[in-house]
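Asker: Structure in structure tokens, see below.
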Amino acid sequence: MGKESHYSSKKDRVFVRGIQGQYSLKDELTRLRSMPRVIRGKDLLFNDGPQSFSKHFIEPVDGLTQVLHVHLEEYGPGGRTQKHGHVNEAAFYILDGKGYEVHDGIRYDWNAGDVAIVHMNCVHQHFNADPVKPARALVLKPKPMVMFMNLLFQKSVIPRPTEATPEGQGFVPRHFEENLNHPE
């Protein structure tokens, strides 16, 4: 008789990480169903700055979902983000503006209507290419699930700018915008 196959083994194994504590699917579904189903964007303000701003609708710490992290990014005129990397993937749906990404040293240009994909473990940075107008992106990430799997690495390579660009002096993100059609 040969070695026991791992496909039919009856031995206890830990696949991702050990999970301890009480867990009841019924209790978890009750908790999730009690959470808000509509997050009002008008009730949230952008934070960070002065070149890139974020408005977080759903974050892992909120416990609203088991899979999604959703936020809105606004890049001031000529603005950029920090250069960073993380384990989770991200999809940036470009609502308005024009700009580009640099992923592992390669530039990718984008315009309103495009989707920019950031792969896991990619060192990247986001840029608004317009020196006059802001740009916006809706960002979707599976961050809560990635954190559950204990894939927690995130690293800043170049920090977020602390000064506005010359073009972006005095820029304030569109906190209370009412026209959400985002014209070109």
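Lettering and numbering for the structure tokens are positional, with chains as A, B, ... in the shown order, residues counted from 1 in each chain, and ligands counted from 1 in the shown order.
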Mind checking which residues fall within 9 Å of region 99-108 of chain A, counting only C-alpha atoms, ignoring those fewer than 5 positions away in the same chain, and posting them as a list in words?
Answerer: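 Neighbouring residues, sequence-local ones excluded: Gly78, Lys83, Ala116, Val118, His119, Cys122, Val123, His124, Gln125, His126, Phe127, Asn128, Ala129, Asp130 and Ala135 of chain A.
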Asker: Would you save the residues of that selection, restricted to N, CA and C atoms, as a short mmCIF file (atom, residue, chain, number, x, y, z; two decimals), in the first residue's frame?
Answerer:
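After the write, part-v3.cif holds the following:
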data_model
loop_
_atom_site.label_atom_id
_atom_site.label_comp_id
_atom_site.auth_asym_id
_atom_site.auth_seq_id
_atom_site.Cartn_x
_atom_site.Cartn_y
_atom_site.Cartn_z
N GLY A 78 -3.09 67.99 -11.59
CA GLY A 78 -1.68 67.59 -11.60
C GLY A 78 -1.28 66.73 -10.42
N LYS A 83 3.39 56.30 -3.74
CA LYS A 83 3.80 55.11 -4.46
C LYS A 83 3.78 53.99 -3.44
N ALA A 116 -8.89 50.80 -14.63
CA ALA A 116 -7.47 50.50 -14.40
C ALA A 116 -7.40 49.40 -13.35
N VAL A 118 -5.17 47.12 -10.80
CA VAL A 118 -3.91 46.99 -10.05
C VAL A 118 -3.85 45.56 -9.54
N HIS A 119 -2.82 44.83 -9.96
CA HIS A 119 -2.68 43.44 -9.55
C HIS A 119 -2.03 43.33 -8.17
N CYS A 122 1.79 44.54 -6.79
CA CYS A 122 2.31 45.48 -7.77
C CYS A 122 2.64 46.80 -7.07
N VAL A 123 3.83 47.31 -7.25
CA VAL A 123 4.17 48.64 -6.72
C VAL A 123 3.64 49.64 -7.74
N HIS A 124 2.79 50.55 -7.28
CA HIS A 124 2.08 51.42 -8.22
C HIS A 124 1.86 52.81 -7.64
N GLN A 125 1.47 53.71 -8.56
CA GLN A 125 1.17 55.09 -8.20
C GLN A 125 0.17 55.62 -9.22
N HIS A 126 -0.75 56.49 -8.77
CA HIS A 126 -1.80 57.05 -9.61
C HIS A 126 -1.52 58.53 -9.84
N PHE A 127 -1.74 59.01 -11.09
CA PHE A 127 -1.44 60.39 -11.47
C PHE A 127 -2.60 61.01 -12.24
N ASN A 128 -2.91 62.27 -11.94
CA ASN A 128 -3.84 63.05 -12.75
C ASN A 128 -2.98 63.80 -13.76
N ALA A 129 -3.21 63.56 -15.05
CA ALA A 129 -2.40 64.18 -16.10
C ALA A 129 -2.87 65.58 -16.47
N ASP A 130 -4.01 65.99 -15.96
CA ASP A 130 -4.55 67.31 -16.32
C ASP A 130 -4.10 68.34 -15.29
N ALA A 135 -9.56 64.67 -11.38
CA ALA A 135 -9.97 63.36 -11.92
C ALA A 135 -10.55 62.54 -10.77
#
Asker: Which polymer residues have any atom within 8 Å of an atom of region 65-74 of chain A, counting only C-alpha atoms, with same-chain residues fewer than 5 positions away left out, as a list in words?
Answerer: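 Counting only the stated atoms, we get Leu32, Ser52, Phe53, Ser54, Lys55, His56, Phe57, Ile58, Glu59, Pro60, Pro134, Ala135, Arg136, Ala137, Leu138, Val139, Leu140, Lys141, Pro142, Lys143, Pro144, Met145 and Pro173 of chain A.
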Asker: Generate the output file for the selected residues, N, CA and C atoms, as a PDB file, in the first residue's frame.
Answerer:
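That gives us selection_12.pdb:
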ATOM      1  N   LEU A  32     -25.019  40.620   9.366  1.00  0.00           N
ATOM      2  CA  LEU A  32     -24.887  41.251   8.055  1.00  0.00           C
ATOM      3  C   LEU A  32     -26.208  41.869   7.593  1.00  0.00           C
ATOM      4  N   SER A  52      -4.223  64.092  -3.485  1.00  0.00           N
ATOM      5  CA  SER A  52      -5.195  63.016  -3.699  1.00  0.00           C
ATOM      6  C   SER A  52      -6.053  62.872  -2.450  1.00  0.00           C
ATOM      7  N   PHE A  53      -7.340  62.625  -2.685  1.00  0.00           N
ATOM      8  CA  PHE A  53      -8.320  62.591  -1.611  1.00  0.00           C
ATOM      9  C   PHE A  53      -9.129  61.304  -1.715  1.00  0.00           C
ATOM     10  N   SER A  54      -9.620  60.799  -0.587  1.00  0.00           N
ATOM     11  CA  SER A  54     -10.408  59.561  -0.559  1.00  0.00           C
ATOM     12  C   SER A  54     -11.683  59.757   0.235  1.00  0.00           C
ATOM     13  N   LYS A  55     -12.750  59.136  -0.257  1.00  0.00           N
ATOM     14  CA  LYS A  55     -14.036  59.083   0.450  1.00  0.00           C
ATOM     15  C   LYS A  55     -14.391  57.603   0.534  1.00  0.00           C
ATOM     16  N   HIS A  56     -14.334  57.030   1.745  1.00  0.00           N
ATOM     17  CA  HIS A  56     -14.545  55.595   1.926  1.00  0.00           C
ATOM     18  C   HIS A  56     -16.000  55.285   2.230  1.00  0.00           C
ATOM     19  N   PHE A  57     -16.627  54.495   1.356  1.00  0.00           N
ATOM     20  CA  PHE A  57     -18.013  54.077   1.536  1.00  0.00           C
ATOM     21  C   PHE A  57     -18.077  52.809   2.390  1.00  0.00           C
ATOM     22  N   ILE A  58     -17.231  51.843   2.069  1.00  0.00           N
ATOM     23  CA  ILE A  58     -17.187  50.573   2.794  1.00  0.00           C
ATOM     24  C   ILE A  58     -15.724  50.249   3.044  1.00  0.00           C
ATOM     25  N   GLU A  59     -15.367  50.040   4.304  1.00  0.00           N
ATOM     26  CA  GLU A  59     -14.006  49.674   4.669  1.00  0.00           C
ATOM     27  C   GLU A  59     -14.034  48.369   5.461  1.00  0.00           C
ATOM     28  N   PRO A  60     -12.932  47.635   5.477  1.00  0.00           N
ATOM     29  CA  PRO A  60     -12.921  46.386   6.243  1.00  0.00           C
ATOM     30  C   PRO A  60     -13.331  46.570   7.709  1.00  0.00           C
ATOM     31  N   PRO A 134      -9.674  68.259 -12.000  1.00  0.00           N
ATOM     32  CA  PRO A 134      -9.488  67.068 -11.173  1.00  0.00           C
ATOM     33  C   PRO A 134      -9.887  65.810 -11.938  1.00  0.00           C
ATOM     34  N   ALA A 135      -9.563  64.666 -11.377  1.00  0.00           N
ATOM     35  CA  ALA A 135      -9.969  63.364 -11.919  1.00  0.00           C
ATOM     36  C   ALA A 135     -10.546  62.542 -10.772  1.00  0.00           C
ATOM     37  N   ARG A 136     -11.447  61.626 -11.126  1.00  0.00           N
ATOM     38  CA  ARG A 136     -12.096  60.788 -10.110  1.00  0.00           C
ATOM     39  C   ARG A 136     -12.132  59.332 -10.537  1.00  0.00           C
ATOM     40  N   ALA A 137     -12.004  58.456  -9.537  1.00  0.00           N
ATOM     41  CA  ALA A 137     -12.112  57.016  -9.778  1.00  0.00           C
ATOM     42  C   ALA A 137     -12.856  56.355  -8.630  1.00  0.00           C
ATOM     43  N   LEU A 138     -13.756  55.438  -8.969  1.00  0.00           N
ATOM     44  CA  LEU A 138     -14.415  54.597  -7.984  1.00  0.00           C
ATOM     45  C   LEU A 138     -13.577  53.328  -7.867  1.00  0.00           C
ATOM     46  N   VAL A 139     -13.186  52.983  -6.653  1.00  0.00           N
ATOM     47  CA  VAL A 139     -12.250  51.881  -6.432  1.00  0.00           C
ATOM     48  C   VAL A 139     -12.949  50.725  -5.711  1.00  0.00           C
ATOM     49  N   LEU A 140     -12.788  49.528  -6.270  1.00  0.00           N
ATOM     50  CA  LEU A 140     -13.356  48.317  -5.690  1.00  0.00           C
ATOM     51  C   LEU A 140     -12.223  47.339  -5.386  1.00  0.00           C
ATOM     52  N   LYS A 141     -12.203  46.838  -4.138  1.00  0.00           N
ATOM     53  CA  LYS A 141     -11.155  45.903  -3.716  1.00  0.00           C
ATOM     54  C   LYS A 141     -11.769  44.770  -2.900  1.00  0.00           C
ATOM     55  N   PRO A 142     -11.184  43.579  -2.971  1.00  0.00           N
ATOM     56  CA  PRO A 142     -11.635  42.487  -2.105  1.00  0.00           C
ATOM     57  C   PRO A 142     -10.853  42.473  -0.791  1.00  0.00           C
ATOM     58  N   LYS A 143     -10.580  43.633  -0.236  1.00  0.00           N
ATOM     59  CA  LYS A 143      -9.669  43.747   0.907  1.00  0.00           C
ATOM     60  C   LYS A 143     -10.117  42.984   2.159  1.00  0.00           C
ATOM     61  N   PRO A 144     -11.406  43.023   2.563  1.00  0.00           N
ATOM     62  CA  PRO A 144     -11.768  42.253   3.759  1.00  0.00           C
ATOM     63  C   PRO A 144     -11.451  40.761   3.623  1.00  0.00           C
ATOM     64  N   MET A 145     -11.710  40.205   2.448  1.00  0.00           N
ATOM     65  CA  MET A 145     -11.428  38.788   2.236  1.00  0.00           C
ATOM     66  C   MET A 145      -9.916  38.539   2.267  1.00  0.00           C
ATOM     67  N   PRO A 173     -11.643  69.170  -2.773  1.00  0.00           N
ATOM     68  CA  PRO A 173     -12.384  68.099  -3.445  1.00  0.00           C
ATOM     69  C   PRO A 173     -13.876  68.397  -3.489  1.00  0.00           C
TER      70      PRO A 173
END
Asker: So how many Å separate CA of Asn121 (chain A) and CA of Val87 (chain A), to one decimal?
Answerer: 5.0 Å
Asker: Can you measure CA of Asp109 (chain A) to CA of Glu178 (chain A) for me? One decimal in Å is fine.
Answerer: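 If I compute the distance from CA of Asp109 (chain A) to CA of Glu178 (chain A), I get 27.9 Å.
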Asker: Fewer than 2 positions away in the same chain doesn't count, so skip those; otherwise give me all residues within 12 Å of Pro166 (chain A), counting only C-alpha atoms, as a PyMOL selection string.
Answerer: chain A and resi 50-51+76-79+131-132+163-164+168-171
Asker: Considering only C-alpha atoms, state which residue in the set A:Asn47, A:Ser24, A:Ser34, A:Thr81 is at the smallest distance from Thr165 (chain A).
Answerer: A:Thr81
Asker: Using only C-alpha atoms, which residue out of A:Lys42, A:Arg80, A:Arg31, A:His175 lies closest to Pro159 (chain A)?
Answerer: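 Ranked by minimum distance to Pro159 (chain A), first place goes to A:Arg80.
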Asker: Closest to Phe176 (chain A) among A:Leu29, A:Ile158, A:Leu45, A:Ile39, using only C-alpha atoms?
Answerer: A:Leu45
Asker: If I take CA of Met147 (chain A) and CA of Asn88 (chain A), how far is one from the other in Å, to one decimal?
Answerer: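 Computed distance, CA of Met147 (chain A) to CA of Asn88 (chain A), equals 8.5 Å.
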Asker: Measuring between only C-alpha atoms, which one of A:Tyr75, A:Gln154, A:His84, A:Ile117 shows the shortest distance to Glu167 (chain A)?
Answerer: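 Ranked by minimum distance to Glu167 (chain A), first place goes to A:Tyr75.
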